[in-house]
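Okay, so here's the structure we're looking at.
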Amino acid sequence: MTAGRSAAAPEGSPSEPAAAPPVPGPPRRRRVRRLVLLAGLTAGVALLADGLLTIFWQEPLTALQQSRSQSALRSELPRLRQALAAEVPQAPSETGAHRMRRQALKLLHARSAGAALGTLDIPRIGLKAVVVESTGHDALTKGPGHYRGTVLPGIDGTVGLAGHRTTYGAPFRHVDQLQTGSSIVMKMPYGQFTYKVISKRITSPGDASALRSHPGQRRLVLTACHPLYSAAERIVVSARLVSATPA
Amino acid sequence: MRIRFALALMVAGLLCAAGVASAQDTNTTESLSGYTNTVPTTTQPPTTTAEAEPAPATEGQESTSVAPSVAAQPAGTAPDSLAFTGAEPLLLIALGLALAGGTATFLVRDRRRSQQ
């Protein structure tokens, strides 16, 4: 009876909705899940690409951030030079070295963390960067940082600088390629100072003996993490002053 | 089996990342705390010199006032640790591999299921 009735009913009639073909495609829940997974896949590939770029070049996002910071810092330098010249006027019959020392002392205690101090130029590794005060995290995102507690060029003692090797523009990436005799030039608002590399060594993060000043010595010390993709050790490059020219 | 592998991959990547990140944090804290201790002592002696500097008008006095401050500056005010300036690209690669591998495995499984 039933079989006869179903055989008699015409195909596709509105009285028989169960016979309509099912709508293909995943339900909404599955679609959301797929979207989340695709987002995860994209994020994973992006992280992977970022890591590989950091190894073969430098970390691109922080490099962009550092580049913008450096532009802003560079525009600060002429104003700094003018302000320092106005605040520390030249005394009559004062030598250039003495005036540079007074200006360096003034600058040493006037600048806040992250403020521009001068420029660092290392031709051998193609580095030209504005140096900032402090080696705190925020300051080092802008450029090479000056260790607080060390002197500035123009003052007897050790000038200490730290810089990133893989992130934030990686200013000290190739610092290990510096050799004995390589030139390092620091242009400060009050003068230009040329140093020659005298030694290079690897040490532990807790060994800051290289930053200590010794009477009568005018040195520049560059530090960075070592090896390149690790923070296990530190590389320390020491240089001695060979010439100082007042601005 | 694939799901277990994907989950294991993701968990391993996350654990690896967490381990490296915690090691990195320890380094940063050490170096920063060193500077925090250093800063106050650094500021002290030169400020005295800067204040004393304008008072003597003669050049002789001025130069003697600067010299001791320069000699005194390095005496125990240098930082006691070297700054943290590194990065861990291997951490990014591990995280990226874990995330991409895990999600790709789930995506393939979903596609197969929907095809069936």
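Chain labels follow the order of the structure tokens: the first chain is A, the next B, and so on; residue numbering restarts at 1 in every chain, and ligands are counted from 1 in their shown order.
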What are the residues of chain B lining chain A at 6 Å or less? Count only C-alpha atoms, and put the answer as number ranges by chain. B: 42, 74, 77-78, 80-82, 85-86, 88-89, 92-93, 96, 99-100, 103
C-alpha atoms of the current selection, written as a PDB file, in the first residue's frame:
ATOM      1  CA  THR B  42      76.754  58.253  39.215  1.00  0.00           C
ATOM      2  CA  PRO B  74      85.108  55.998  37.248  1.00  0.00           C
ATOM      3  CA  THR B  77      80.271  53.825  39.419  1.00  0.00           C
ATOM      4  CA  ALA B  78      80.749  51.672  36.332  1.00  0.00           C
ATOM      5  CA  ASP B  80      78.229  45.794  37.173  1.00  0.00           C
ATOM      6  CA  SER B  81      76.883  43.883  34.167  1.00  0.00           C
ATOM      7  CA  LEU B  82      76.774  44.219  30.404  1.00  0.00           C
ATOM      8  CA  THR B  85      71.238  43.310  23.352  1.00  0.00           C
ATOM      9  CA  GLY B  86      70.363  39.959  21.860  1.00  0.00           C
ATOM     10  CA  GLU B  88      66.180  34.767  19.879  1.00  0.00           C
ATOM     11  CA  PRO B  89      65.187  34.230  16.248  1.00  0.00           C
ATOM     12  CA  LEU B  92      60.374  32.651  16.539  1.00  0.00           C
ATOM     13  CA  ILE B  93      61.198  29.814  14.176  1.00  0.00           C
ATOM     14  CA  GLY B  96      56.216  29.491  13.801  1.00  0.00           C
ATOM     15  CA  LEU B  99      51.855  26.938  14.990  1.00  0.00           C
ATOM     16  CA  ALA B 100      51.987  26.423  11.229  1.00  0.00           C
ATOM     17  CA  THR B 103      47.166  24.248  12.253  1.00  0.00           C
TER      18      THR B 103
END
Shell of 9 Å around Val185 (chain A), only C-alpha atoms, local chain residues under 2 positions omitted, as a VMD selection string: chain A and resid 119 to 123 183 187 192 to 196
How many Å separate CA of Leu64 (chain A) from CA of Val131 (chain A)? 17.1 Å
Return as a ChimeraX atom specification the full set of residues in region 20-222 of chain A whose backbone-based DSSP assignment is strand (DSSP E or B). /A:116-122,127-133,145-146,148,150,157-162,183-188,191-203,218-222
Distance in Å - CA of Met186 (chain A) versus CA of Pro153 (chain A):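 For CA of Met186 (chain A) relative to CA of Pro153 (chain A), the distance reads 7.8 Å.
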